[in-house]
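Participant: So here's start_1.tsv, just TSV, C-alpha atoms:
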chain	number	residue	atom	x	y	z
A	1	MET	CA	155.68	151.58	14.42
A	2	ALA	CA	157.32	153.85	11.78
A	3	SER	CA	158.42	157.38	12.73
A	4	SER	CA	157.12	160.39	10.79
A	5	PRO	CA	159.43	162.04	8.20
A	6	ASP	CA	161.46	164.97	9.46
A	7	LEU	CA	160.27	168.42	8.34
A	8	PRO	CA	162.69	171.33	7.64
A	9	SER	CA	162.80	173.87	10.44
A	10	ALA	CA	161.92	177.51	9.86
A	11	GLY	CA	164.58	179.47	8.00
A	12	ASN	CA	166.12	176.42	6.29
A	13	THR	CA	166.06	176.23	2.48
A	14	PRO	CA	164.99	172.86	1.06
A	15	ASP	CA	167.12	171.30	-1.63
A	16	THR	CA	166.37	172.27	-5.21
A	17	PRO	CA	164.59	169.46	-7.05
A	18	GLY	CA	166.92	167.66	-9.43
A	19	SER	CA	170.02	169.09	-7.77
A	20	ASP	CA	172.71	166.81	-6.28
A	21	THR	CA	173.84	169.56	-3.92
A	22	LEU	CA	172.54	169.63	-0.36
A	23	SER	CA	171.35	172.91	1.06
A	24	ASP	CA	173.93	175.01	2.87
A	25	THR	CA	171.98	174.79	6.11
A	26	PRO	CA	171.45	171.13	6.99
A	27	ASN	CA	168.57	170.21	9.27
A	28	THR	CA	170.74	168.74	12.02
A	29	ALA	CA	168.12	169.22	14.74
A	30	GLY	CA	165.48	167.27	12.82
A	31	THR	CA	167.92	164.50	11.92
A	32	SER	CA	169.06	164.14	15.51
A	33	ALA	CA	165.51	163.99	16.86
A	34	GLY	CA	164.43	161.49	14.20
A	35	GLY	CA	167.43	159.26	14.91
A	36	GLU	CA	166.68	159.30	18.61
A	37	ARG	CA	163.02	158.42	17.97
A	38	ARG	CA	163.97	155.57	15.64
A	39	GLY	CA	166.50	154.32	18.20
A	40	ARG	CA	163.89	154.31	20.93
A	41	VAL	CA	161.41	152.43	18.72
A	42	ARG	CA	164.02	149.77	17.87
A	43	ALA	CA	164.91	149.38	21.54
A	44	ARG	CA	161.22	148.93	22.47
A	45	ARG	CA	160.75	146.35	19.70
A	46	ALA	CA	163.81	144.41	20.84
A	47	ALA	CA	162.56	144.42	24.44
A	48	VAL	CA	159.11	143.17	23.43
A	49	MET	CA	160.60	140.37	21.31
A	50	ALA	CA	162.80	139.29	24.21
A	51	VAL	CA	159.90	138.99	26.68
A	52	PRO	CA	158.51	135.60	25.50
A	53	ALA	CA	161.95	133.94	25.58
A	54	THR	CA	162.61	135.38	29.04
A	55	LEU	CA	159.27	134.14	30.35
A	56	VAL	CA	159.83	130.64	28.96
A	57	ALA	CA	163.29	130.44	30.52
A	58	ALA	CA	161.98	131.71	33.86
A	59	GLY	CA	159.07	129.26	33.75
A	60	LEU	CA	161.37	126.30	33.10
A	61	ALA	CA	163.64	127.39	35.94
A	62	VAL	CA	160.69	127.55	38.36
A	63	LEU	CA	159.34	124.17	37.23
A	64	THR	CA	162.75	122.58	37.61
A	65	ALA	CA	163.19	124.05	41.08
A	66	GLN	CA	159.77	122.76	42.11
A	67	GLY	CA	160.47	119.30	40.69
A	68	ALA	CA	157.42	119.47	38.45
A	69	LEU	CA	159.20	118.63	35.21
A	70	GLY	CA	160.55	115.37	36.57
A	71	VAL	CA	157.14	113.75	37.09
A	72	GLN	CA	155.59	114.73	33.75
A	73	PHE	CA	156.94	111.88	31.61
A	74	ALA	CA	154.58	109.25	30.20
A	75	ILE	CA	154.63	106.16	32.43
A	76	SER	CA	154.87	102.63	31.01
A	77	GLY	CA	151.84	101.49	32.96
A	78	MET	CA	153.81	98.57	34.46
A	79	PRO	CA	153.91	98.81	38.28
A	80	PHE	CA	157.09	97.97	40.18
A	81	THR	CA	157.69	97.06	43.82
A	82	VAL	CA	160.11	98.91	46.11
A	83	THR	CA	161.07	97.74	49.60
A	84	ALA	CA	163.56	98.93	52.23
A	85	THR	CA	164.16	97.91	55.80
A	86	GLU	CA	164.25	101.62	56.72
A	87	LEU	CA	163.72	105.00	55.05
A	88	ASN	CA	164.73	108.27	56.71
A	89	GLY	CA	163.97	111.61	55.14
A	90	THR	CA	164.01	115.35	55.77
A	91	GLY	CA	161.50	117.59	54.02
A	92	PHE	CA	158.49	115.35	53.35
A	93	GLU	CA	155.36	116.04	51.26
A	94	GLN	CA	152.50	113.86	50.03
A	95	PHE	CA	149.55	114.58	47.73
A	96	GLY	CA	147.30	112.90	45.17
A	97	GLY	CA	147.53	113.09	41.40
A	98	LEU	CA	147.22	111.31	38.05
A	99	ASP	CA	149.94	109.65	35.97
A	100	ASN	CA	149.43	109.26	32.23
A	101	MET	CA	150.61	106.47	29.94
A	102	ALA	CA	151.86	107.04	26.41
A	103	GLU	CA	149.07	107.28	23.87
A	104	GLY	CA	148.09	103.82	22.62
A	105	SER	CA	149.90	101.99	25.45
A	106	PRO	CA	148.97	98.28	25.55
A	107	ASN	CA	148.94	98.54	29.35
A	108	ALA	CA	146.09	101.06	29.42
A	109	GLY	CA	143.31	98.45	29.53
A	110	ASP	CA	140.03	100.13	30.49
A	111	SER	CA	141.80	102.81	32.56
A	112	GLY	CA	141.92	105.35	29.73
A	113	GLY	CA	145.68	105.44	30.15
A	114	GLN	CA	145.54	107.14	33.56
A	115	VAL	CA	146.52	105.88	37.02
A	116	LEU	CA	145.38	107.52	40.26
A	117	ILE	CA	148.49	107.82	42.42
A	118	VAL	CA	149.86	109.37	45.61
A	119	THR	CA	153.06	111.37	45.13
A	120	SER	CA	155.54	111.30	48.01
A	121	ALA	CA	158.33	113.89	47.81
A	122	ILE	CA	161.39	113.91	50.06
A	123	LYS	CA	164.11	116.57	49.90
A	124	HIS	CA	166.86	114.31	51.31
A	125	ALA	CA	166.40	110.56	51.88
A	126	THR	CA	168.43	107.52	52.89
A	127	LEU	CA	167.27	103.91	52.44
A	128	THR	CA	168.68	100.72	53.95
A	129	LYS	CA	168.64	97.48	51.92
A	130	LEU	CA	166.75	98.83	48.93
A	131	CYS	CA	165.07	96.32	46.64
A	132	GLN	CA	163.21	97.10	43.41
A	133	SER	CA	161.53	94.58	41.12
A	134	VAL	CA	159.27	94.65	38.08
A	135	ASP	CA	157.34	91.61	36.82
A	136	LEU	CA	158.09	91.09	33.12
A	137	GLY	CA	155.64	88.22	32.76
A	138	GLY	CA	156.95	85.36	34.86
A	139	THR	CA	160.48	86.78	35.16
A	140	ASN	CA	161.39	89.65	37.46
A	141	LEU	CA	163.99	92.33	36.81
A	142	LEU	CA	165.53	92.74	40.28
A	143	ILE	CA	167.68	95.61	41.56
A	144	THR	CA	169.25	95.69	45.03
A	145	ALA	CA	171.55	98.24	46.70
A	146	GLY	CA	172.55	99.58	50.10
A	147	SER	CA	172.95	96.19	51.77
A	148	GLY	CA	176.41	97.02	53.14
A	149	SER	CA	177.61	99.73	55.50
A	150	GLU	CA	176.75	102.55	53.07
A	151	LYS	CA	173.07	103.38	52.56
A	152	VAL	CA	171.26	104.38	49.40
A	153	SER	CA	170.84	108.16	49.30
A	154	ALA	CA	168.71	110.49	47.18
A	155	THR	CA	167.95	114.19	46.89
A	156	ASP	CA	164.70	115.62	45.51
A	157	LEU	CA	163.19	112.13	45.53
A	158	THR	CA	159.61	111.63	44.32
A	159	THR	CA	157.64	108.39	44.05
A	160	ASP	CA	154.20	107.92	42.49
A	161	SER	CA	152.53	105.05	44.33
A	162	THR	CA	149.25	103.18	44.40
A	163	GLU	CA	150.15	101.35	47.64
A	164	LEU	CA	152.46	102.18	50.54
A	165	SER	CA	152.89	100.34	53.85
A	166	GLY	CA	155.27	100.32	56.81
A	167	ASP	CA	155.72	101.70	60.32
A	168	ALA	CA	155.87	105.47	59.96
A	169	ALA	CA	156.82	108.35	62.26
A	170	PHE	CA	156.69	112.07	61.39
A	171	ASN	CA	157.99	115.23	63.08
A	172	ASN	CA	155.99	118.49	62.85
A	173	ILE	CA	153.42	117.05	60.48
A	174	GLU	CA	150.74	119.21	58.85
A	175	ILE	CA	147.67	117.40	57.47
A	176	GLY	CA	145.07	118.92	55.17
A	177	ASN	CA	147.21	121.50	53.33
A	178	ASP	CA	146.31	122.60	49.83
A	179	ALA	CA	148.88	120.80	47.66
A	180	SER	CA	149.76	124.02	45.84
A	181	THR	CA	151.03	125.59	49.09
A	182	LEU	CA	153.52	122.89	50.17
A	183	THR	CA	156.99	124.07	51.21
A	184	LYS	CA	158.92	121.23	52.88
A	185	ALA	CA	160.34	119.39	49.84
A	186	GLY	CA	160.25	122.08	47.17
A	187	VAL	CA	157.46	120.37	45.18
A	188	LYS	CA	153.98	121.83	44.69
A	189	GLY	CA	150.95	119.74	43.79
A	190	PRO	CA	147.70	120.71	42.04
A	191	ILE	CA	145.62	123.49	43.60
A	192	GLY	CA	142.60	122.27	45.56
A	193	VAL	CA	144.13	118.84	46.27
A	194	PHE	CA	144.43	117.41	49.80
A	195	SER	CA	148.00	116.96	51.03
A	196	GLN	CA	150.26	116.68	54.05
A	197	GLN	CA	153.85	117.58	54.88
A	198	ALA	CA	156.37	117.15	57.70
A	199	ASP	CA	159.87	118.20	58.68
A	200	THR	CA	161.09	114.58	58.87
A	201	VAL	CA	159.80	111.08	58.12
A	202	ARG	CA	160.92	107.60	59.16
A	203	ILE	CA	159.36	104.45	57.71
A	204	ALA	CA	160.48	101.00	58.86
A	205	ASN	CA	159.71	97.94	56.70
A	206	LEU	CA	158.78	100.15	53.75
A	207	ARG	CA	156.87	98.55	50.87
A	208	GLN	CA	155.55	100.47	47.84
A	209	THR	CA	153.81	99.71	44.57
A	210	ASN	CA	155.08	102.46	42.28
A	211	TYR	CA	154.51	103.68	38.74
A	212	ALA	CA	157.24	106.34	38.66
A	213	THR	CA	160.29	107.49	40.60
A	214	THR	CA	162.44	110.58	40.02
A	215	ALA	CA	165.42	112.04	41.87
A	216	GLY	CA	167.86	114.88	41.43
A	217	VAL	CA	170.69	112.63	42.67
A	218	PHE	CA	170.35	108.88	43.36
A	219	LYS	CA	173.35	107.01	44.82
A	220	LEU	CA	173.12	103.21	44.97
A	221	PRO	CA	176.18	101.65	46.66
A	222	GLY	CA	176.57	97.92	46.03
A	223	LEU	CA	174.17	98.00	43.08
A	224	LYS	CA	173.18	94.60	41.64
A	225	LEU	CA	170.85	94.10	38.66
A	226	ARG	CA	169.70	90.64	37.64
A	227	PHE	CA	166.73	88.50	36.57
A	228	SER	CA	164.98	86.43	39.21
A	229	ASP	CA	162.06	84.04	39.56
A	230	SER	CA	160.80	86.12	42.50
A	231	GLY	CA	160.46	89.83	43.18
A	232	CYS	CA	161.03	91.93	46.29
Give the structure from the file, written as structure tokens.
Facilitator:
Amino acid sequence: MASSPDLPSAGNTPDTPGSDTLSDTPNTAGTSAGGERRGRVRARRAAVMAVPATLVAAGLAVLTAQGALGVQFAISGMPFTVTATELNGTGFEQFGGLDNMAEGSPNAGDSGGQVLIVTSAIKHATLTKLCQSVDLGGTNLLITAGSGSEKVSATDLTTDSTELSGDAAFNNIEIGNDASTLTKAGVKGPIGVFSQQADTVRIANLRQTNYATTAGVFKLPGLKLRFSDSGC
């Protein structure tokens, strides 16, 4: 807001109209006070203008830390299969959600472009003999890794699945948490959604049908990509 004009203090003689000469007694007190007021107003305006940018930056930082940004991309709607002879993880969470296809996707069918999925989040994971395949219509795109002495490893790993099977074991598991309160893997789900979490997880003979996978770091030793008549 604009500051009020400074008024001459008592005893000061205002300048004579039409004269180019300033009065002998300048109003230094009024000028100083007015400058300070204008400075404070400018500082307040600058602070207010900076708030939205600060909030956006803070919000993005929080979302990135929680892993939420990574799972918000539009899925293709084409499921892919993932198998491993063994998965070991520390910091495990699991909760339900919805994945969305790109608008107008030919894979939407009568689903409305949404897929009901279960998100599994693992802070640190290793996988032995990883296999991933996607059916491209009679031909499969096949990826394998971790078949040698070095295992596949991932940090901040999330998978959105419609099916998951294997022989599982959990340490310090909690079942029935609200998904928005999860703490083990650094990912929070929607409020009011059923979830579970555990300190560690081990799944032998893992098999998943997935629609999305994200990871902060994903290391695939011995990676091989090829086309095949059969999938995983």
Participant: Using only C-alpha atoms, list the residues that have an atom at most 10 Å from (174.7, 98.8, 54.4), coordinates as in the file, as number ranges by chain.
Facilitator: A: 127-130, 145-152, 221-222
Participant: Around the point (165.9, 116.8, 47.2) (coordinates from the file), which residues reach within 8 Å if we count all atoms listed in the file? Answer as an mmCIF file with C-alpha atoms, keeping the file's coordinate frame.
Facilitator:
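What ended up in out_26.cif:
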data_model
loop_
_atom_site.group_PDB
_atom_site.id
_atom_site.type_symbol
_atom_site.label_atom_id
_atom_site.label_comp_id
_atom_site.auth_asym_id
_atom_site.auth_seq_id
_atom_site.Cartn_x
_atom_site.Cartn_y
_atom_site.Cartn_z
ATOM 1 C CA ILE A 122 161.390 113.910 50.060
ATOM 2 C CA LYS A 123 164.110 116.570 49.900
ATOM 3 C CA HIS A 124 166.860 114.310 51.310
ATOM 4 C CA ALA A 125 166.400 110.560 51.880
ATOM 5 C CA ALA A 154 168.710 110.490 47.180
ATOM 6 C CA THR A 155 167.950 114.190 46.890
ATOM 7 C CA ASP A 156 164.700 115.620 45.510
ATOM 8 C CA LEU A 157 163.190 112.130 45.530
ATOM 9 C CA ALA A 185 160.340 119.390 49.840
ATOM 10 C CA GLY A 186 160.250 122.080 47.170
ATOM 11 C CA ALA A 215 165.420 112.040 41.870
ATOM 12 C CA GLY A 216 167.860 114.880 41.430
ATOM 13 C CA VAL A 217 170.690 112.630 42.670
#
Participant: Select, from A:Asn171, A:Thr90, A:Ser228, A:Thr209, the residue with the minimum atom-to-atom distance to Ala121 in chain A, counting only C-alpha atoms.
Facilitator: A:Thr90
Participant: Given only C-alpha atoms as the basis, pick out the residue of A:Glu103, A:Ile173, A:Leu141, A:Leu136 nearest to Leu225 in chain A.
Facilitator: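 Ranking A:Glu103, A:Ile173, A:Leu141, A:Leu136 by distance to Leu225 in chain A, first place goes to A:Leu141.
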Participant: Which residue, A:Ser133, A:Ser105, A:Thr85, A:Thr119, has the smallest gap to Gly231 in chain A when you use all atoms listed in the file?
Facilitator: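 The shortest atom-to-atom distance to Gly231 in chain A comes from A:Ser133.
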Participant: Let me know the centre plus edge lengths, in Å and rounded to one decimal, of a box with edges along x, y and z that contains all listed atoms of range 95-111 of chain A and is padded by 3 Å on every side, as JSON.
Facilitator:
{"center_x": 145.9, "center_y": 106.4, "center_z": 35.2, "size_x": 17.8, "size_y": 22.3, "size_z": 31.1}
Participant: Between A:Gln94, A:Ser120, A:Asn107, A:Gln208, which is the closest to Gly176 in chain A once you count all atoms listed in the file?
Facilitator: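 So, comparing all the options, the nearest one is A:Gln94.
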Participant: Work out how far CA of Gln197 in chain A is from CA of Leu220 in chain A, in Å to one decimal.
Facilitator: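 Going from CA of Leu220 in chain A over to CA of Gln197 in chain A covers 26.0 Å.
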Participant: Could you list, as a ChimeraX atom specification, every residue within 12 Å of Leu182 in chain A, counting only C-alpha atoms and ignoring same-chain residues fewer than 2 positions away?
Facilitator: /A:66,91-95,120-122,173-180,184-199
Participant: Could you check how far CA of Asp167 in chain A sits from CA of Val82 in chain A, in Å to one decimal?
Facilitator: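 So the two atoms, CA of Asp167 in chain A and CA of Val82 in chain A, lie 15.1 Å apart.
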